[in-house]
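These notes concern the structure reproduced below.
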Amino acid sequence: MSTIKYKTIDPNESNNAIDKNLYKYFINDFRKGYIEATDQKYVLPQYYVEFIEKIDNFEVYDTDVFVVTHPKTGTTWAQEMVWCIGNNLEVSDEYIYIRFPFLEVTTLFDLRDAPNALPAFFYKEFFTNSLEYIRKLPHPRFIKTHLPWELLPRQIRTGERKPKIIYVYRNPKDTCVSYYHHCVNGEGYKGDFNVFMELFLSGRLSFGPYPSHILSVVQQKHRNNVLILKYEEMKSDLKAVIKQVCEFLNKVYSEDDIDKLQKHLSFEVMKTNKAVNYDLFFGDGKFMRAGVIGSYKVDMSPDVVARFDKWIAENFANTGTSF
Ligand code: A3P
C-alpha cells in the first residue's frame, strides 16, 4: 500500500485563475489533468496516479546511482558526468535516455489514446513502461528522476537502501525560462511566457513548487549517500565538481583523464553529441539551448526579474540555499 496522499486538481473547484490556466494551456492528447501530492502539493500529471504505488514500492539497490533534479536544472549534464565517472570514463554513443533512463517518464505522457502524439521511437518500453524497463536493467543501474524527496521510492526515504543520490539545482530564473522553452518544444504547453511564469511562481507546474523540491532534498544533505550540486558551480568550476563526484562514487582518475572529461562535458561538445541531445524528441538543436547563467535576461522584463528576486528572498530565506 502507498501512503502518498494526493488529490486531483479541479480548476472548477475554486476561482483560481492559475489552475484554470494550467488546464487551459497545458492539457493535450497525452495530458488529461493534474494532481497535487503530499502536503507540499507537488503537481504531477493525472496519469501519475496509475503509478504512485509502484514508484513508492519500487525496489532500489545500494549499487544504484540516481541523478535527482527539478526539470531544467542541468539533469542531462549531470547524467553524462555521472555516467562517465561511474563507467571508467567510457564515452557512450547510446542515447542517454536508454542507458540512464528516466524513472517516471511514463507518467508524464499518457500515450494510451495518443498513438501519434510523439515520434514512433518513443513508443518503446523505456518510455511507455519506464519502471519495468529500469527493473530489468543490469546493475549498477543509473537512474534519472525529477521526483522530490517525499516522492522517491520508499526504500530511499527510510534509508533501508542507500543508493548514491546526486541532486542538482539551479537558480530559479534560468530554470523557469529553460522550463518554458522545454514545455513549448516538447510537452505541449500552449500559453505564453507570462502565464507560464505565474504557474511556476505559484508552484503549479509538474514537479513544482520548485522551492519545496529543492529544500526537500537539501534537507537530506546529512545523509552520506546524498550529494548536492549546483548548476552554477558546474559552470564556474566543472573540474572541482567532477572531482567531488569522483570522490562520492569512490572513483580515482588521473588529472589528464579528468581534463578530457571536462572537455567532453563542455556545452560546445555536448551540443554536438547526439547521444545527449534529445533531437529525436525536441527537434535539432533545441535541447542544448543557451547553457549559460543569466539567459533569463532575454525573456524577463526588469519588473519580472524584481518579482522573482522577491519570491526567491521569501522562499529561501534562512534555508542555507542561495543563488
Ligand atoms: P538552457 O535551456 O538554459 O540552455 P535538463 O537537462 O535538466 O533538462 O537541463 C537542460 C539545461 O541544461 C539547458 O539549459 C541546457 O542548455 C543546459 N545544459 C545541458 N548541458 C550543458 C552543458 N554541458 N553546459 C551548460 N549547460 C548545459
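In the C-alpha cells, each chain is lettered A, B, ... as it comes, each chain's residues begin at 1, and ligands are numbered from 1 in order of appearance.
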- Item | Contact residues around A:His182 with only C-alpha atoms at 10 Å, ignoring same-chain residues under 4 positions, as a ChimeraX atom specification | /A:71-72,176-178,186-189,282,286-287,289
Compile the contact shell of A:His146 as a PDB file with N, CA and C atoms, in the first residue's frame: residues with an atom at most 8 Å away, counting only C-alpha atoms, same-chain residues fewer than 4 positions apart removed.
ATOM      1  N   VAL A  68      18.959  13.170  -9.331  1.00  0.00           N
ATOM      2  CA  VAL A  68      17.649  13.700  -8.941  1.00  0.00           C
ATOM      3  C   VAL A  68      17.671  15.214  -9.156  1.00  0.00           C
ATOM      4  N   THR A  69      16.668  15.711  -9.866  1.00  0.00           N
ATOM      5  CA  THR A  69      16.633  17.148 -10.163  1.00  0.00           C
ATOM      6  C   THR A  69      15.196  17.610 -10.382  1.00  0.00           C
ATOM      7  N   HIS A  70      14.989  18.902 -10.278  1.00  0.00           N
ATOM      8  CA  HIS A  70      13.793  19.522 -10.851  1.00  0.00           C
ATOM      9  C   HIS A  70      14.096  19.686 -12.348  1.00  0.00           C
ATOM     10  N   PRO A  71      13.084  19.618 -13.214  1.00  0.00           N
ATOM     11  CA  PRO A  71      13.371  19.785 -14.646  1.00  0.00           C
ATOM     12  C   PRO A  71      14.161  21.062 -14.939  1.00  0.00           C
ATOM     13  N   GLU A 104      10.170   8.086 -13.950  1.00  0.00           N
ATOM     14  CA  GLU A 104       8.722   8.302 -14.038  1.00  0.00           C
ATOM     15  C   GLU A 104       8.300   8.874 -15.389  1.00  0.00           C
ATOM     16  N   PHE A 207       6.153  18.911 -11.076  1.00  0.00           N
ATOM     17  CA  PHE A 207       7.309  18.804 -10.167  1.00  0.00           C
ATOM     18  C   PHE A 207       7.491  20.024  -9.277  1.00  0.00           C
TER      19      PHE A 207
END
- Message: I want to know what sits within 9 Å of A:Ile312, based on only C-alpha atoms, with residues of the same chain fewer than 2 positions away left out; could you give that as an MDAnalysis selection string?
- Response: chainID A and resid 172 211 307:310 314:317 322:323
- Message: Quick check for you: according to DSSP on this backbone, which residues of stretch 41-282 of chain A are classed as strand (DSSP E)? Reply as a ChimeraX atom specification.
- Response: /A:42-45,65-69,142-145,164-169,226-230
Written selection (N, CA and C atoms) as a tab-separated table (two decimals), in the first residue's frame:
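Now in result35.tsv:
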chain	number	residue	atom	x	y	z
A	42	TYR	N	2.90	18.83	-4.47
A	42	TYR	CA	3.68	18.67	-5.71
A	42	TYR	C	2.73	18.36	-6.85
A	43	VAL	N	2.88	19.09	-7.93
A	43	VAL	CA	1.99	18.90	-9.08
A	43	VAL	C	2.57	17.82	-10.00
A	44	LEU	N	1.68	16.92	-10.43
A	44	LEU	CA	2.07	15.85	-11.35
A	44	LEU	C	0.91	15.59	-12.31
A	45	PRO	N	1.22	15.08	-13.50
A	45	PRO	CA	0.13	14.74	-14.42
A	45	PRO	C	-0.79	13.68	-13.79
A	65	VAL	N	22.65	4.33	-8.86
A	65	VAL	CA	23.09	5.73	-8.83
A	65	VAL	C	21.96	6.56	-9.42
A	66	PHE	N	21.46	7.49	-8.62
A	66	PHE	CA	20.34	8.35	-9.05
A	66	PHE	C	20.84	9.78	-9.30
A	67	VAL	N	20.42	10.37	-10.42
A	67	VAL	CA	20.52	11.82	-10.58
A	67	VAL	C	19.11	12.35	-10.36
A	68	VAL	N	18.96	13.17	-9.33
A	68	VAL	CA	17.65	13.70	-8.94
A	68	VAL	C	17.67	15.21	-9.16
A	69	THR	N	16.67	15.71	-9.87
A	69	THR	CA	16.63	17.15	-10.16
A	69	THR	C	15.20	17.61	-10.38
A	142	PHE	N	21.83	3.21	-13.53
A	142	PHE	CA	21.92	4.68	-13.49
A	142	PHE	C	20.53	5.21	-13.81
A	143	ILE	N	19.96	5.96	-12.89
A	143	ILE	CA	18.54	6.32	-12.99
A	143	ILE	C	18.35	7.82	-12.79
A	144	LYS	N	17.59	8.43	-13.71
A	144	LYS	CA	17.23	9.85	-13.58
A	144	LYS	C	15.83	9.94	-12.98
A	145	THR	N	15.62	10.91	-12.12
A	145	THR	CA	14.25	11.20	-11.70
A	145	THR	C	14.11	12.69	-11.39
A	164	LYS	N	23.42	5.83	-4.34
A	164	LYS	CA	24.03	7.18	-4.41
A	164	LYS	C	23.02	8.12	-5.04
A	165	ILE	N	22.82	9.26	-4.41
A	165	ILE	CA	21.86	10.26	-4.90
A	165	ILE	C	22.62	11.54	-5.19
A	166	ILE	N	22.61	11.96	-6.43
A	166	ILE	CA	23.25	13.23	-6.79
A	166	ILE	C	22.14	14.21	-7.18
A	167	TYR	N	22.01	15.26	-6.40
A	167	TYR	CA	20.94	16.24	-6.65
A	167	TYR	C	21.57	17.52	-7.20
A	168	VAL	N	20.97	18.06	-8.25
A	168	VAL	CA	21.46	19.32	-8.83
A	168	VAL	C	20.33	20.33	-8.81
A	169	TYR	N	20.64	21.57	-8.42
A	169	TYR	CA	19.64	22.63	-8.56
A	169	TYR	C	20.26	23.85	-9.22
A	226	VAL	N	23.94	11.15	-0.10
A	226	VAL	CA	23.35	12.28	-0.84
A	226	VAL	C	24.42	13.33	-1.11
A	227	LEU	N	24.56	13.72	-2.37
A	227	LEU	CA	25.50	14.78	-2.75
A	227	LEU	C	24.70	15.89	-3.44
A	228	ILE	N	24.89	17.12	-2.98
A	228	ILE	CA	24.13	18.24	-3.56
A	228	ILE	C	25.06	19.09	-4.41
A	229	LEU	N	24.65	19.35	-5.64
A	229	LEU	CA	25.45	20.17	-6.56
A	229	LEU	C	24.60	21.32	-7.09
A	230	LYS	N	25.29	22.35	-7.58
A	230	LYS	CA	24.58	23.47	-8.20
A	230	LYS	C	25.03	23.63	-9.64
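Using only C-alpha atoms, the smallest distance between any of A:Leu108, A:Met234, A:Val184, A:Ile27 and A:Ile293 comes from A:Met234.
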- Task: Compute the set of protein, DNA and RNA residues whose minimum atom distance to ligand 1 is at most 6 Å, using only C-alpha atoms and all ligand atoms, and state it as a PyMOL selection string.
- Result: chain A and resi 71-77+174+178+265-267+270+288-292
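Among the candidate residues A:Phe121, A:Phe248, A:Phe26, A:Tyr34, the one lying nearest to A:Tyr95 is A:Phe121, with distances computed using only C-alpha atoms.
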Excluding same-chain residues fewer than 2 positions from A:Lys32, what lies within 12 Å of it counting only C-alpha atoms, as a compact mmCIF listing (two decimals) with N, CA, C and O atoms, in the first residue's frame?
# COMPACT_ATOMS: atom_id res chain seq x y z
N THR A 8 -6.90 15.20 -7.04
CA THR A 8 -6.96 15.76 -8.39
C THR A 8 -7.13 17.28 -8.29
O THR A 8 -7.87 17.77 -7.45
N ILE A 9 -6.42 18.00 -9.14
CA ILE A 9 -6.61 19.45 -9.21
C ILE A 9 -7.82 19.70 -10.10
O ILE A 9 -7.84 19.29 -11.27
N ASP A 10 -8.83 20.32 -9.52
CA ASP A 10 -10.06 20.60 -10.27
C ASP A 10 -10.16 22.12 -10.47
O ASP A 10 -10.43 22.85 -9.52
N LEU A 22 -3.66 26.47 -16.03
CA LEU A 22 -2.98 25.17 -16.15
C LEU A 22 -3.79 24.24 -17.06
O LEU A 22 -3.24 23.58 -17.94
N TYR A 23 -5.10 24.25 -16.84
CA TYR A 23 -5.95 23.37 -17.66
C TYR A 23 -6.23 23.95 -19.05
O TYR A 23 -6.48 23.21 -19.99
N LYS A 24 -6.17 25.27 -19.15
CA LYS A 24 -6.44 25.87 -20.46
C LYS A 24 -5.25 25.66 -21.41
O LYS A 24 -5.42 25.39 -22.59
N TYR A 25 -4.05 25.82 -20.88
CA TYR A 25 -2.88 25.84 -21.76
C TYR A 25 -2.00 24.58 -21.69
O TYR A 25 -1.05 24.46 -22.45
N PHE A 26 -2.30 23.70 -20.72
CA PHE A 26 -1.36 22.59 -20.54
C PHE A 26 -2.08 21.25 -20.47
O PHE A 26 -1.70 20.35 -19.72
N ILE A 27 -3.14 21.14 -21.27
CA ILE A 27 -3.84 19.86 -21.45
C ILE A 27 -3.70 19.53 -22.93
O ILE A 27 -3.77 20.42 -23.77
N ASN A 28 -3.50 18.28 -23.24
CA ASN A 28 -3.33 17.90 -24.65
C ASN A 28 -3.61 16.41 -24.81
O ASN A 28 -4.09 15.77 -23.87
N ASP A 29 -3.27 15.89 -25.98
CA ASP A 29 -3.59 14.48 -26.29
C ASP A 29 -3.07 13.51 -25.25
O ASP A 29 -3.65 12.46 -25.02
N PHE A 30 -1.91 13.83 -24.65
CA PHE A 30 -1.29 12.87 -23.71
C PHE A 30 -1.31 13.37 -22.27
O PHE A 30 -0.69 12.81 -21.39
N TYR A 34 -4.25 17.02 -13.86
CA TYR A 34 -3.13 17.08 -12.91
C TYR A 34 -3.59 16.70 -11.51
O TYR A 34 -4.77 16.87 -11.16
N ILE A 35 -2.63 16.25 -10.71
CA ILE A 35 -2.89 16.02 -9.28
C ILE A 35 -1.92 16.87 -8.47
O ILE A 35 -0.92 17.37 -9.00
N LEU A 44 1.68 16.92 -10.43
CA LEU A 44 2.07 15.85 -11.35
C LEU A 44 0.91 15.59 -12.31
O LEU A 44 -0.25 15.84 -11.96
N PRO A 45 1.22 15.08 -13.50
CA PRO A 45 0.13 14.74 -14.42
C PRO A 45 -0.79 13.68 -13.79
O PRO A 45 -0.34 12.83 -13.02
N GLN A 46 -2.05 13.75 -14.16
CA GLN A 46 -3.05 12.81 -13.64
C GLN A 46 -2.61 11.34 -13.80
O GLN A 46 -2.87 10.51 -12.94
N TYR A 47 -1.96 11.04 -14.90
CA TYR A 47 -1.56 9.65 -15.20
C TYR A 47 -0.62 9.09 -14.12
O TYR A 47 -0.49 7.88 -13.95
N TYR A 48 0.01 9.98 -13.36
CA TYR A 48 0.93 9.57 -12.29
C TYR A 48 0.21 8.66 -11.27
O TYR A 48 0.82 7.76 -10.69
N THR A 107 4.79 8.42 -16.72
CA THR A 107 3.67 9.11 -16.07
C THR A 107 3.42 10.50 -16.67
O THR A 107 2.38 11.10 -16.44
N LEU A 108 4.39 11.00 -17.40
CA LEU A 108 4.26 12.35 -17.98
C LEU A 108 3.53 12.34 -19.31
O LEU A 108 3.02 13.37 -19.76
N PHE A 109 3.53 11.20 -19.97
CA PHE A 109 2.96 11.11 -21.32
C PHE A 109 2.00 9.93 -21.37
O PHE A 109 2.43 8.79 -21.51
N ASP A 110 0.73 10.21 -21.22
CA ASP A 110 -0.25 9.14 -21.28
C ASP A 110 -0.53 8.87 -22.77
O ASP A 110 -1.34 9.55 -23.39
N LEU A 111 0.16 7.87 -23.30
CA LEU A 111 0.11 7.62 -24.75
C LEU A 111 -0.96 6.58 -25.12
O LEU A 111 -1.06 6.19 -26.28
N ARG A 112 -1.75 6.15 -24.11
CA ARG A 112 -2.70 5.06 -24.38
C ARG A 112 -3.70 5.41 -25.47
O ARG A 112 -4.04 4.57 -26.28
N ASP A 113 -4.17 6.67 -25.48
CA ASP A 113 -5.10 7.08 -26.54
C ASP A 113 -4.45 8.07 -27.48
O ASP A 113 -5.13 8.88 -28.12
N ALA A 114 -3.14 8.08 -27.54
CA ALA A 114 -2.45 9.08 -28.36
C ALA A 114 -1.33 8.39 -29.16
O ALA A 114 -0.15 8.59 -28.92
N GLY A 188 3.86 20.14 -25.05
CA GLY A 188 2.53 20.58 -25.47
C GLY A 188 1.96 21.75 -24.71
O GLY A 188 0.73 21.90 -24.63
- Message: Here is a test: counting only C-alpha atoms, which residue of A:Lys251, A:Lys124, A:Lys136, A:His181 is nearest to A:Ser295?
- Response: A:His181
- Backbone DSSP call of alpha helix (DSSP H) for stretch 37-145 of chain A, listed as JSON, numbers by chain: {"A": [52, 53, 54, 55, 56, 75, 76, 77, 78, 79, 80, 81, 82, 83, 84, 85, 86, 96, 97, 98, 99, 105, 106, 107, 108, 125, 126, 127, 128, 130, 131, 132, 133, 134, 135]}
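Minimum atom-to-atom distances from A:Glu233, A:Glu160, A:Asp303, A:Glu80 to A:His264 were compared using only C-alpha atoms, and the lowest value belongs to A:Glu80.
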- Task: Fewer than 5 positions away in the same chain doesn't count, so skip those; otherwise give me all residues within 6 Å of A:Asp62, counting only C-alpha atoms, as a PyMOL selection string.
- Result: chain A and resi 161-163
- With distances taken over only C-alpha atoms, the candidate from A:Tyr180, A:Tyr97, A:Phe200, A:Tyr296 nearest A:Tyr133 is A:Tyr97
